[in-house]
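*Asks:* Structure: protein_21.tsv, TSV, C-alpha atoms.
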chain	number	residue	atom	x	y	z
B	1	MET	CA	96.39	103.51	89.10
B	2	LYS	CA	97.85	100.43	87.51
B	3	GLN	CA	96.48	96.95	87.99
B	4	LEU	CA	98.70	95.10	90.46
B	5	THR	CA	100.23	91.89	89.11
B	6	LYS	CA	102.97	89.47	90.13
B	7	SER	CA	105.44	91.35	87.98
B	8	ASN	CA	104.79	94.93	89.17
B	9	TYR	CA	103.47	94.80	92.76
B	10	LYS	CA	106.96	95.30	94.27
B	11	SER	CA	107.21	98.72	92.64
B	12	ASP	CA	104.05	100.00	94.36
B	13	LYS	CA	104.66	102.75	96.94
B	14	LEU	CA	102.75	100.78	99.63
B	15	TYR	CA	104.90	97.64	99.18
B	16	PRO	CA	107.72	98.56	101.66
B	17	SER	CA	105.32	99.32	104.53
B	18	VAL	CA	103.34	96.12	103.92
B	19	VAL	CA	106.52	94.01	103.84
B	20	ARG	CA	107.77	95.60	107.08
B	21	ALA	CA	104.43	94.84	108.74
B	22	VAL	CA	104.37	91.24	107.46
B	23	THR	CA	107.92	90.66	108.70
B	24	ALA	CA	107.20	92.19	112.12
B	25	ILE	CA	104.06	90.10	112.62
B	26	LEU	CA	105.72	86.85	111.49
B	27	GLU	CA	108.48	87.41	114.05
B	28	ARG	CA	105.82	87.32	116.79
B	29	LYS	CA	103.59	84.50	115.52
B	30	LEU	CA	103.09	82.01	112.70
B	31	PHE	CA	100.26	83.72	110.80
B	32	ILE	CA	99.17	87.12	109.59
B	33	SER	CA	95.89	88.70	108.59
B	34	PRO	CA	95.08	91.82	106.58
B	35	ILE	CA	93.54	93.36	109.71
B	36	GLU	CA	96.81	92.98	111.65
B	37	ILE	CA	98.70	94.58	108.79
B	38	LEU	CA	96.26	97.49	108.69
B	39	ILE	CA	96.78	97.95	112.44
B	40	GLU	CA	100.57	97.61	112.12
B	41	THR	CA	100.70	100.22	109.32
B	42	ASP	CA	98.42	102.62	111.25
B	43	ARG	CA	95.61	102.33	108.72
B	44	LEU	CA	93.27	101.01	111.42
B	45	ASP	CA	93.03	101.97	115.09
B	46	LYS	CA	92.90	99.00	117.47
B	47	LYS	CA	90.03	100.54	119.47
B	48	LEU	CA	87.95	100.98	116.30
B	49	TYR	CA	88.77	97.40	115.30
B	50	GLU	CA	87.43	96.20	118.66
B	51	ASP	CA	84.30	98.33	118.20
B	52	TRP	CA	83.78	96.62	114.83
B	53	ARG	CA	84.27	93.18	116.41
B	54	PHE	CA	81.59	93.99	119.01
B	55	GLY	CA	79.20	95.03	116.22
B	56	ARG	CA	79.17	98.78	116.98
B	57	ILE	CA	80.45	99.60	113.47
B	58	PRO	CA	78.56	98.18	110.46
B	59	TYR	CA	81.61	97.46	108.26
B	60	LEU	CA	85.37	97.74	108.78
B	61	GLU	CA	86.17	99.92	105.75
B	62	ARG	CA	84.18	102.72	107.38
B	63	VAL	CA	86.82	103.31	110.08
B	64	THR	CA	90.07	102.68	108.17
B	65	ASN	CA	92.51	105.46	107.26
B	66	GLY	CA	92.76	105.87	103.51
B	67	GLY	CA	90.57	105.42	100.50
B	68	LEU	CA	89.02	102.18	99.34
B	69	GLY	CA	91.41	101.99	96.39
B	70	MET	CA	94.41	102.14	98.69
B	71	LEU	CA	92.94	99.48	101.00
B	72	ASN	CA	92.26	97.19	98.06
B	73	ARG	CA	95.87	97.68	96.86
B	74	ILE	CA	97.18	96.81	100.33
B	75	VAL	CA	95.10	93.61	100.41
B	76	LYS	CA	96.32	92.68	96.90
B	77	ILE	CA	99.97	93.33	97.89
B	78	ILE	CA	99.46	91.14	100.97
B	79	GLN	CA	98.10	88.33	98.81
B	80	LEU	CA	100.90	88.51	96.25
B	81	HIS	CA	103.68	88.90	98.83
B	82	CYS	CA	102.43	86.09	101.07
B	83	HIS	CA	101.98	83.78	98.09
B	84	GLU	CA	105.56	84.52	97.01
B	85	ARG	CA	106.85	83.81	100.55
B	86	GLY	CA	105.13	80.43	100.54
B	87	LEU	CA	102.52	81.22	103.18
B	88	LYS	CA	99.35	79.15	103.03
B	89	PRO	CA	95.99	80.96	102.74
B	90	SER	CA	93.37	80.06	105.34
B	91	HIS	CA	89.87	81.54	105.18
B	92	THR	CA	88.71	82.68	108.62
B	93	VAL	CA	85.21	83.62	109.72
B	94	HIS	CA	84.84	86.80	111.78
B	95	ASN	CA	81.79	86.67	114.04
B	96	ARG	CA	80.59	89.37	116.36
B	97	TRP	CA	82.10	89.35	119.86
B	98	GLY	CA	80.10	89.85	123.05
B	99	LYS	CA	76.63	88.89	124.15
B	100	GLY	CA	73.84	88.25	121.72
B	101	PRO	CA	73.75	86.51	118.38
B	102	LYS	CA	77.11	85.73	116.76
B	103	THR	CA	76.43	87.41	113.44
B	104	LEU	CA	78.93	87.40	110.60
B	105	LEU	CA	80.81	90.71	110.40
B	106	ARG	CA	81.24	92.68	107.17
B	107	PHE	CA	84.53	94.13	106.00
B	108	SER	CA	83.34	96.19	103.04
B	109	LYS	CA	80.41	98.52	102.43
B	110	SER	CA	79.53	96.73	99.20
B	111	GLY	CA	79.64	93.26	100.76
B	112	ASP	CA	81.34	91.92	97.61
B	113	ALA	CA	82.17	88.25	98.18
B	114	LYS	CA	85.70	88.50	96.70
B	115	LEU	CA	86.56	91.47	98.92
B	116	GLU	CA	85.12	89.80	102.01
B	117	ILE	CA	87.21	86.68	101.37
B	118	ALA	CA	90.34	88.75	100.70
B	119	TYR	CA	89.97	90.64	104.00
B	120	SER	CA	89.17	87.51	106.03
B	121	THR	CA	91.97	85.31	104.68
B	122	HIS	CA	94.78	84.63	107.12
B	123	TRP	CA	98.19	83.61	105.80
B	124	VAL	CA	99.85	80.80	107.75
B	125	ALA	CA	103.61	80.23	107.83
B	126	LYS	CA	105.20	76.82	107.91
B	127	GLU	CA	105.45	75.34	111.38
B	128	ALA	CA	108.23	76.39	113.70
B	129	PRO	CA	111.29	74.16	113.71
B	130	GLU	CA	110.83	71.17	115.97
B	131	ILE	CA	112.91	70.79	119.10
B	132	ALA	CA	114.40	67.59	120.46
B	133	THR	CA	111.75	65.71	122.43
B	134	THR	CA	113.35	62.34	123.13
B	135	ALA	CA	116.66	61.30	124.63
B	136	ALA	CA	117.69	59.73	121.32
B	137	GLU	CA	117.50	63.12	119.57
B	138	LEU	CA	119.75	64.89	122.09
B	139	PRO	CA	123.53	64.88	121.67
B	140	LEU	CA	125.52	62.68	124.04
B	141	THR	CA	128.01	64.98	125.74
B	142	GLU	CA	129.91	64.58	128.95
B	143	SER	CA	129.48	67.22	131.65
B	144	HIS	CA	130.14	70.38	129.65
B	145	PRO	CA	128.40	73.31	131.31
B	146	GLY	CA	125.42	74.59	129.36
B	147	THR	CA	125.13	71.62	127.00
B	148	PRO	CA	122.29	69.13	127.31
B	149	SER	CA	123.06	65.62	128.42
B	150	LEU	CA	121.11	62.40	128.26
B	151	HIS	CA	119.67	63.10	131.72
B	152	ASP	CA	118.28	66.48	130.62
B	153	ALA	CA	116.00	64.87	128.04
B	154	PRO	CA	112.28	65.32	128.56
B	155	ARG	CA	110.40	62.21	129.60
B	156	ARG	CA	108.57	60.44	126.85
B	157	ARG	CA	104.83	59.94	127.00
B	158	THR	CA	105.31	56.17	127.30
B	159	ASP	CA	107.30	56.64	130.53
B	160	ARG	CA	104.36	58.27	132.29
B	161	ILE	CA	101.31	56.67	133.80
B	162	THR	CA	98.32	57.77	131.79
B	163	THR	CA	94.98	58.74	133.26
B	164	ALA	CA	93.42	55.56	131.89
B	165	GLU	CA	96.11	53.43	133.56
B	166	ARG	CA	95.58	55.31	136.81
B	167	ARG	CA	91.82	54.66	136.68
B	168	ALA	CA	92.33	50.99	135.88
B	169	THR	CA	94.74	50.64	138.81
B	170	LYS	CA	92.29	52.39	141.14
B	171	LYS	CA	89.44	50.14	139.98
B	172	ALA	CA	91.56	47.01	140.43
B	173	ARG	CA	92.46	48.10	143.98
B	174	SER	CA	88.82	48.75	144.84
B	175	LEU	CA	87.84	45.29	143.54
B	176	TYR	CA	90.64	43.72	145.55
B	177	ASP	CA	89.64	45.58	148.70
B	178	ALA	CA	85.90	44.94	148.28
B	179	PRO	CA	85.85	41.42	149.78
B	180	ARG	CA	87.77	42.63	152.84
B	181	ARG	CA	85.25	45.35	153.47
B	182	ILE	CA	82.42	42.86	153.24
B	183	HIS	CA	84.28	40.50	155.53
B	184	HIS	CA	84.94	43.18	158.10
B	185	SER	CA	81.36	44.39	158.05
B	186	SER	CA	79.99	40.86	158.56
B	187	VAL	CA	82.14	40.37	161.66
B	188	GLN	CA	80.61	43.34	163.46
If you took the structure in this file and wrote it as structure tokens, what would it be?
*Replies:*
Amino acid sequence: MKQLTKSNYKSDKLYPSVVRAVTAILERKLFISPIEILIETDRLDKKLYEDWRFGRIPYLERVTNGGLGMLNRIVKIIQLHCHERGLKPSHTVHNRWGKGPKTLLRFSKSGDAKLEIAYSTHWVAKEAPEIATTAAELPLTESHPGTPSLHDAPRRRTDRITTAERRATKKARSLYDAPRRIHHSSVQ
């Protein structure tokens, strides 16, 4: 097996399946993780992954399909491909699910720090394109069916009464009404 580098990782036989999995996951959400790619490429069963998350399996590599060398190559391909695509790495902690102490889960049998970080790193895509949120950003069109008009614009936050304003108004009303209540109670 050759050492995977930036110049030769695209020629690896696992590269096409990893790229397909990365593309499929990024179509659904804005980040990926090596675990999701292992599930997408059928190297890890979702039920076994959940068993690992609940602490029933000591380390994730134990229940994956394929040898450790192949898993390490997949993780390296993920790193190189995501870096090339401009995705941002984000280290994520995986704690045990369920009742009891939230212990840190292990990915590898060896517990090697570099491997654990590689498995637990999520790759985050750039944010989704922003949509028009104010009337000024919407096009001004005249009554064409299906096109937004100025009246279809969402209300801005400044147009709404905030909770704090509502509380202040309620308090002011109660202070205003307080003398009347006292006055009415003294008459009886």
*Asks:* Contacts of range 112-119 of chain B at 7 Å or less, counting only C-alpha atoms, minus same-chain residues fewer than 2 places along, as a short mmCIF file (atom, residue, chain, number, x, y, z; two decimals) with C-alpha atoms, in the coordinates of the input?
*Replies:*
data_model
loop_
_atom_site.label_atom_id
_atom_site.label_comp_id
_atom_site.auth_asym_id
_atom_site.auth_seq_id
_atom_site.Cartn_x
_atom_site.Cartn_y
_atom_site.Cartn_z
CA PRO B 34 95.08 91.82 106.58
CA VAL B 75 95.10 93.61 100.41
CA HIS B 91 89.87 81.54 105.18
CA PHE B 107 84.53 94.13 106.00
CA SER B 108 83.34 96.19 103.04
CA SER B 110 79.53 96.73 99.20
CA THR B 121 91.97 85.31 104.68
#
*Asks:* Please, what distance in Å, to one decimal, runs between CA of Asp12 in chain B and CA of Ile77 in chain B?
*Replies:*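 So the answer is 8.6 Å.
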*Asks:* Which residue out of B:Lys99, B:Gln3, B:Ser11, B:Val19 has the minimum interatomic distance to His81 in chain B when all atoms listed in the file are used?
*Replies:*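 The closest residue to His81 in chain B is B:Val19.
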*Asks:* Compare B:Leu105, B:Ala125, B:Leu68, B:Leu26 by their minimum atom-to-atom distance to Gly86 in chain B, counting only C-alpha atoms, and give me the closest one.
*Replies:*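 Closest to Gly86 in chain B of all the choices is B:Ala125.
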*Asks:* Kindly indicate which residue among B:Lys109, B:Lys10, B:Arg85, B:Arg96 lies nearest to Val124 in chain B, using only C-alpha atoms for the distances.
*Replies:*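 Looking only at the distances to Val124 in chain B, the closest residue turns out to be B:Arg85.
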*Asks:* For CA of Ser17 in chain B and CA of Pro58 in chain B, determine how far apart the two atoms are, in Å to one decimal place.
*Replies:* 27.4 Å
*Asks:* Would you compute the distance between CA of Lys126 in chain B and CA of Met70 in chain B? Give it in Å to one decimal.
*Replies:*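 Pair CA of Lys126 in chain B / CA of Met70 in chain B returns 29.0 Å.
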*Asks:* Tell me which of B:Leu14, B:Ile32, B:Ile25, B:Ile57 sits closest to Leu71 in chain B, counting all atoms listed in the file.
*Replies:*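 Result for the nearest residue to Leu71 in chain B: B:Leu14.
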*Asks:* Counting all atoms listed in the file, which residue out of B:Leu87, B:Leu48, B:Leu4, B:Ile39 sits closest to Ala21 in chain B?
*Replies:*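 Closest residue, counting all atoms listed in the file: B:Ile39.
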*Asks:* Have a look at B:Arg56, B:Leu44, B:Ser7, B:Tyr15 and name the one nearest to Arg73 in chain B; count all atoms listed in the file.
*Replies:*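 Checking each of B:Arg56, B:Leu44, B:Ser7, B:Tyr15 against Arg73 in chain B, counting all atoms listed in the file, the winner is B:Tyr15.
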*Asks:* Find the residues around Val18 in chain B up to 8 Å (all atoms listed in the file counted), leave out those fewer than 6 positions away in its own chain, and share them as a list in words.
*Replies:*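 So, after excluding close chain neighbours, the residues are Ile37, Thr41, Ile74, Ile77 and Ile78 of chain B.
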